[in-house]
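The file model.cif comes next; it holds mmCIF, C-alpha atoms and all ligand atoms.
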data_final
loop_
_atom_site.label_atom_id
_atom_site.label_comp_id
_atom_site.auth_asym_id
_atom_site.auth_seq_id
_atom_site.Cartn_x
_atom_site.Cartn_y
_atom_site.Cartn_z
CA MET A 1035 0.00 0.00 0.00
CA ILE A 1036 1.34 3.44 -0.95
CA MET A 1037 1.33 5.92 1.93
CA GLU A 1038 0.49 9.44 0.75
CA LYS A 1039 2.34 12.31 2.41
CA HIS A 1040 0.10 14.20 4.83
CA ILE A 1041 -0.81 17.70 3.61
CA THR A 1042 -2.07 20.71 5.54
CA ILE A 1043 -4.05 23.32 3.62
CA LEU A 1044 -4.79 26.74 5.07
CA GLY A 1045 -8.11 28.16 3.88
CA PHE A 1046 -9.34 31.72 4.21
CA ALA A 1047 -12.29 33.66 2.84
CA GLY A 1048 -12.31 37.25 1.64
CA SER A 1049 -15.48 38.00 3.59
CA LEU A 1050 -16.04 38.84 7.23
CA ARG A 1051 -19.80 38.32 6.92
CA LYS A 1052 -21.27 35.80 9.35
CA ASN A 1053 -23.47 34.12 6.73
CA SER A 1054 -20.91 34.45 3.96
CA TYR A 1055 -21.35 32.14 0.96
CA ASN A 1056 -17.59 32.02 0.59
CA LYS A 1057 -17.15 30.90 4.19
CA ALA A 1058 -19.76 28.22 3.38
CA LEU A 1059 -17.54 26.99 0.52
CA LEU A 1060 -14.64 26.63 2.95
CA GLN A 1061 -16.83 24.76 5.42
CA ALA A 1062 -17.87 22.37 2.66
CA ALA A 1063 -14.20 21.92 1.75
CA GLU A 1064 -13.48 21.02 5.38
CA GLU A 1065 -16.02 18.19 5.06
CA LEU A 1066 -14.75 17.05 1.67
CA VAL A 1067 -10.98 16.88 2.15
CA PRO A 1068 -9.35 13.74 0.77
CA LYS A 1069 -7.61 11.21 3.00
CA ASP A 1070 -4.28 12.45 4.43
CA VAL A 1071 -5.29 16.09 3.93
CA LYS A 1072 -6.25 18.52 6.68
CA LEU A 1073 -7.91 21.88 6.05
CA GLU A 1074 -7.45 24.59 8.66
CA ILE A 1075 -9.44 27.81 8.38
CA PHE A 1076 -8.14 31.28 9.26
CA ASP A 1077 -10.58 34.17 9.78
CA LEU A 1078 -9.36 37.53 8.47
CA GLU A 1079 -11.37 39.40 11.14
CA GLY A 1080 -9.16 41.85 13.06
CA ILE A 1081 -6.49 42.42 10.43
CA PRO A 1082 -5.99 46.20 10.39
CA PRO A 1083 -5.68 48.35 7.25
CA PHE A 1084 -2.23 48.02 5.74
CA ASN A 1085 0.28 50.71 6.64
CA GLN A 1086 3.76 50.36 5.25
CA ASP A 1087 5.15 52.27 8.26
CA SER A 1088 4.32 49.18 10.36
CA GLU A 1089 5.73 46.49 8.13
CA ASP A 1090 8.89 46.03 10.20
CA GLN A 1091 6.76 45.61 13.33
CA LEU A 1092 3.79 43.64 12.11
CA PRO A 1093 0.52 43.69 14.10
CA THR A 1094 -0.05 40.47 16.07
CA THR A 1095 -2.94 39.29 13.86
CA VAL A 1096 -0.77 39.68 10.79
CA ARG A 1097 2.12 37.81 12.40
CA LYS A 1098 -0.27 34.95 13.23
CA PHE A 1099 -1.65 34.96 9.67
CA LYS A 1100 1.85 34.86 8.18
CA ALA A 1101 2.93 32.04 10.47
CA ARG A 1102 -0.12 29.96 9.53
CA ILE A 1103 0.50 30.54 5.79
CA LYS A 1104 4.16 29.56 6.12
CA ALA A 1105 3.31 26.43 8.11
CA ALA A 1106 0.76 25.26 5.52
CA ASP A 1107 1.70 23.11 2.54
CA ALA A 1108 -0.94 24.78 0.34
CA LEU A 1109 -3.58 27.50 0.40
CA LEU A 1110 -7.28 27.54 -0.45
CA ILE A 1111 -8.83 30.98 -0.95
CA ALA A 1112 -12.58 31.61 -1.25
CA THR A 1113 -13.25 35.08 -2.56
CA PRO A 1114 -16.37 37.16 -3.04
CA GLU A 1115 -16.43 39.65 -5.92
CA TYR A 1116 -16.82 43.31 -5.02
CA ASN A 1117 -17.32 45.75 -7.88
CA TYR A 1118 -15.84 43.28 -10.35
CA GLY A 1119 -12.73 42.75 -8.26
CA VAL A 1120 -11.11 41.33 -5.12
CA PRO A 1121 -12.66 42.64 -1.86
CA GLY A 1122 -10.47 45.08 0.06
CA VAL A 1123 -10.47 42.82 3.13
CA LEU A 1124 -8.78 40.03 1.18
CA LYS A 1125 -6.34 42.18 -0.78
CA ASN A 1126 -5.41 44.01 2.42
CA ALA A 1127 -4.63 40.73 4.23
CA ILE A 1128 -2.61 39.48 1.26
CA ASP A 1129 -0.63 42.72 1.07
CA TRP A 1130 0.29 42.45 4.77
CA ALA A 1131 1.38 38.83 4.50
CA SER A 1132 3.56 39.61 1.48
CA ARG A 1133 5.63 42.09 3.48
CA PRO A 1134 8.22 43.22 4.46
CA TYR A 1135 10.12 42.92 1.22
CA GLY A 1136 12.04 39.63 1.22
CA ASP A 1137 9.64 37.91 3.62
CA ASN A 1138 6.65 37.13 1.42
CA ALA A 1139 4.72 34.35 3.19
CA PHE A 1140 3.13 33.26 -0.12
CA ASP A 1141 6.40 32.64 -1.96
CA GLY A 1142 6.26 29.30 -3.82
CA LYS A 1143 2.95 28.18 -2.27
CA PRO A 1144 0.59 25.94 -4.21
CA ALA A 1145 -2.93 27.35 -4.12
CA ALA A 1146 -6.51 26.85 -5.24
CA LEU A 1147 -9.32 29.32 -5.63
CA MET A 1148 -13.10 29.30 -5.21
CA SER A 1149 -15.70 32.05 -5.42
CA ALA A 1150 -19.40 32.40 -4.71
CA SER A 1151 -21.89 35.13 -5.50
CA PRO A 1152 -25.65 35.54 -5.74
CA GLY A 1153 -24.95 36.90 -9.23
CA MET A 1154 -24.79 34.98 -12.52
CA LEU A 1155 -20.98 35.15 -12.88
CA GLY A 1156 -20.25 33.61 -9.48
CA GLY A 1157 -17.32 35.91 -8.66
CA ALA A 1158 -15.29 34.83 -11.72
CA ARG A 1159 -13.89 38.32 -12.28
CA ALA A 1160 -12.47 38.44 -8.75
CA GLN A 1161 -10.82 35.05 -9.30
CA TYR A 1162 -9.00 36.26 -12.39
CA GLN A 1163 -7.91 39.45 -10.67
CA LEU A 1164 -6.55 37.37 -7.79
CA ARG A 1165 -4.61 35.19 -10.23
CA GLN A 1166 -2.80 38.33 -11.39
CA THR A 1167 -1.76 38.98 -7.78
CA PHE A 1168 -0.55 35.36 -7.51
CA VAL A 1169 2.04 36.19 -10.18
CA ALA A 1170 3.43 39.02 -8.04
CA LEU A 1171 3.45 36.70 -5.01
CA ASN A 1172 5.22 33.88 -6.90
CA MET A 1173 2.48 31.38 -6.07
CA HIS A 1174 1.64 28.18 -7.93
CA PRO A 1175 -2.15 28.06 -8.40
CA ILE A 1176 -3.93 25.13 -10.00
CA ASN A 1177 -6.08 25.98 -13.02
CA ARG A 1178 -8.81 23.36 -12.79
CA PRO A 1179 -11.48 22.65 -11.84
CA GLU A 1180 -12.81 26.19 -11.65
CA VAL A 1181 -15.09 26.43 -8.61
CA ILE A 1182 -17.25 29.41 -9.54
CA VAL A 1183 -20.54 29.27 -7.66
CA CYS A 1184 -23.25 31.47 -9.20
CA TYR A 1185 -26.72 31.97 -7.68
CA ALA A 1186 -25.15 30.96 -4.37
CA GLU A 1187 -28.37 31.36 -2.39
CA GLU A 1188 -29.82 28.42 -4.33
CA LYS A 1189 -26.83 26.21 -3.50
CA THR A 1190 -26.63 26.77 0.25
CA ASN A 1191 -29.15 26.41 3.04
CA GLU A 1192 -30.03 28.80 5.88
CA LYS A 1193 -27.38 27.14 8.07
CA GLY A 1194 -24.62 28.06 5.63
CA LYS A 1195 -24.17 24.53 4.32
CA VAL A 1196 -23.47 23.95 0.64
CA THR A 1197 -26.33 21.67 -0.37
CA ASP A 1198 -25.86 21.55 -4.14
CA GLU A 1199 -24.33 18.17 -5.04
CA LYS A 1200 -22.56 19.40 -8.21
CA THR A 1201 -20.90 22.20 -6.25
CA ARG A 1202 -19.78 19.74 -3.56
CA GLU A 1203 -18.35 17.43 -6.26
CA LYS A 1204 -16.39 20.32 -7.78
CA ILE A 1205 -14.99 21.30 -4.38
CA ALA A 1206 -13.94 17.69 -3.74
CA GLN A 1207 -12.21 17.58 -7.14
CA LEU A 1208 -10.47 20.87 -6.47
CA LEU A 1209 -9.08 19.50 -3.20
CA GLU A 1210 -7.89 16.29 -4.89
CA HIS A 1211 -6.08 18.32 -7.55
CA LEU A 1212 -4.59 20.71 -5.04
CA ALA A 1213 -3.29 17.81 -2.94
CA SER A 1214 -1.68 16.02 -5.88
CA TRP A 1215 -0.21 19.28 -7.23
CA THR A 1216 1.23 20.04 -3.78
CA ARG A 1217 2.81 16.57 -3.57
CA LYS A 1218 4.24 16.95 -7.08
CA LEU A 1219 5.85 20.29 -6.20
CA LYS A 1220 7.43 18.68 -3.12
CA GLU A 1221 9.07 15.86 -5.12
C1 LIG A 1301 -19.39 46.46 -2.12
C2 LIG A 1301 -20.02 45.29 -2.83
C3 LIG A 1301 -19.81 45.11 -4.17
C4 LIG A 1301 -20.33 43.99 -4.82
N1 LIG A 1301 -20.02 43.77 -6.13
C5 LIG A 1301 -20.36 42.59 -6.71
C6 LIG A 1301 -19.85 42.25 -8.01
O1 LIG A 1301 -19.12 42.99 -8.64
N2 LIG A 1301 -20.18 41.03 -8.52
C7 LIG A 1301 -20.97 40.13 -7.83
O2 LIG A 1301 -21.22 39.04 -8.34
N3 LIG A 1301 -21.46 40.45 -6.60
C8 LIG A 1301 -21.17 41.64 -6.02
N4 LIG A 1301 -21.62 41.95 -4.77
C9 LIG A 1301 -22.53 41.02 -4.09
C10 LIG A 1301 -21.73 39.93 -3.38
O3 LIG A 1301 -21.45 38.89 -4.30
C11 LIG A 1301 -22.55 39.39 -2.20
O4 LIG A 1301 -22.70 40.40 -1.23
C12 LIG A 1301 -21.91 38.15 -1.61
O5 LIG A 1301 -22.82 37.60 -0.67
C13 LIG A 1301 -20.57 38.46 -0.95
O6 LIG A 1301 -19.91 37.28 -0.57
P1 LIG A 1301 -20.09 36.62 0.86
O7 LIG A 1301 -21.47 36.01 0.88
O8 LIG A 1301 -19.02 35.58 0.93
O9 LIG A 1301 -19.93 37.70 1.91
C14 LIG A 1301 -21.13 43.08 -4.11
C15 LIG A 1301 -21.38 43.29 -2.74
C16 LIG A 1301 -20.83 44.36 -2.11
C17 LIG A 1301 -21.07 44.55 -0.62
#
Kindly present the structure from the file in structure tokens form.
Amino acid sequence: MIMEKHITILGFAGSLRKNSYNKALLQAAEELVPKDVKLEIFDLEGIPPFNQDSEDQLPTTVRKFKARIKAADALLIATPEYNYGVPGVLKNAIDWASRPYGDNAFDGKPAALMSASPGMLGGARAQYQLRQTFVALNMHPINRPEVIVCYAEEKTNEKGKVTDEKTREKIAQLLEHLASWTRKLKE
């Protein structure tokens, strides 16, 4: 029997909203992780607005966030779309964790993306904008499957559970691909 290397994924959502659809995607991912994979979730609540004057003395929440990113083998980001782009909360957290210069926590990390929106495009535009940032961060995102959840209110219940079977299948596939991509990069 082949033993697969254990993988830890750190997941975070670009929404602070209690009933966030994107947080619901992460919760579904927690339930759907493959064998030998653990998903930990980090809440971006409490990360202050970025100020470059503080980057040599990072706020505690940012230090914790950076440490969790560095300790993880891979990242899973669930992003809403705000005004056709990445929400400020998420971009702000990413900017902090990429600093100071020379200590970018995202450097070389494998990553996967998901998005959810009540709209018909499911946050796709925010995903592509985030991919552009991944280039600056020197990350290694997987391309497929694309987990773009449109009409999110029809695919989740009032308890914030993703109930749509096709969406759950896509999330499971995304996790499988992320795990095998992460193992490949470690070889
Ligand atoms: C400031 C703002 C801008 C928004 N812009 C978009 C948008 O460009 N595209 C879209 O699909 N939804 C947009 N929405 C609706 C969000 O998709 C919706 O609020 C969603 O629930 C946010 O994700 P969450 O449930 O994870 O918090 C916007 C919402 C806000 C508050």
Can you tell me which residues surround Ala1206 (chain A) at a distance of at most 9 Å, considering all atoms listed in the file, apart from same-chain residues fewer than 2 positions away, and format the answer as a PDB file with C-alpha atoms, keeping the file's coordinate frame?
ATOM      1  CA  ALA A1062     -17.870  22.370   2.660  1.00  0.00           C
ATOM      2  CA  ALA A1063     -14.200  21.920   1.750  1.00  0.00           C
ATOM      3  CA  LEU A1066     -14.750  17.050   1.670  1.00  0.00           C
ATOM      4  CA  VAL A1067     -10.980  16.880   2.150  1.00  0.00           C
ATOM      5  CA  PRO A1068      -9.350  13.740   0.770  1.00  0.00           C
ATOM      6  CA  THR A1201     -20.900  22.200  -6.250  1.00  0.00           C
ATOM      7  CA  ARG A1202     -19.780  19.740  -3.560  1.00  0.00           C
ATOM      8  CA  GLU A1203     -18.350  17.430  -6.260  1.00  0.00           C
ATOM      9  CA  LYS A1204     -16.390  20.320  -7.780  1.00  0.00           C
ATOM     10  CA  LEU A1208     -10.470  20.870  -6.470  1.00  0.00           C
ATOM     11  CA  LEU A1209      -9.080  19.500  -3.200  1.00  0.00           C
ATOM     12  CA  GLU A1210      -7.890  16.290  -4.890  1.00  0.00           C
ATOM     13  CA  HIS A1211      -6.080  18.320  -7.550  1.00  0.00           C
TER      14      HIS A1211
END
Who sits within 10 Å of Leu1050 (chain A), all atoms listed in the file, same chain under 6 positions skipped, as a PyMOL selection string = chain A and resi 1056-1057+1077-1080+1123-1124
Measure the distance from CA of Ala1047 (chain A) to CA of Asp1070 (chain A) in Å and round it to one decimal.
->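 Here the two named atoms are 22.7 Å from each other.
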Give the residues close to ligand LIG 1301 (chain A), within 7 Å, counting only C-alpha atoms and all ligand atoms; write them as a PyMOL selection string.
-> chain A and resi 1048-1051+1053-1057+1113-1119+1150-1157
Quick one: of A:Val1181, A:Val1120, A:Leu1060, A:Ala1170, who's nearest to Gln1207 (chain A), counting all atoms listed in the file?
->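 For Gln1207 (chain A), the nearest of the candidates is A:Val1181.
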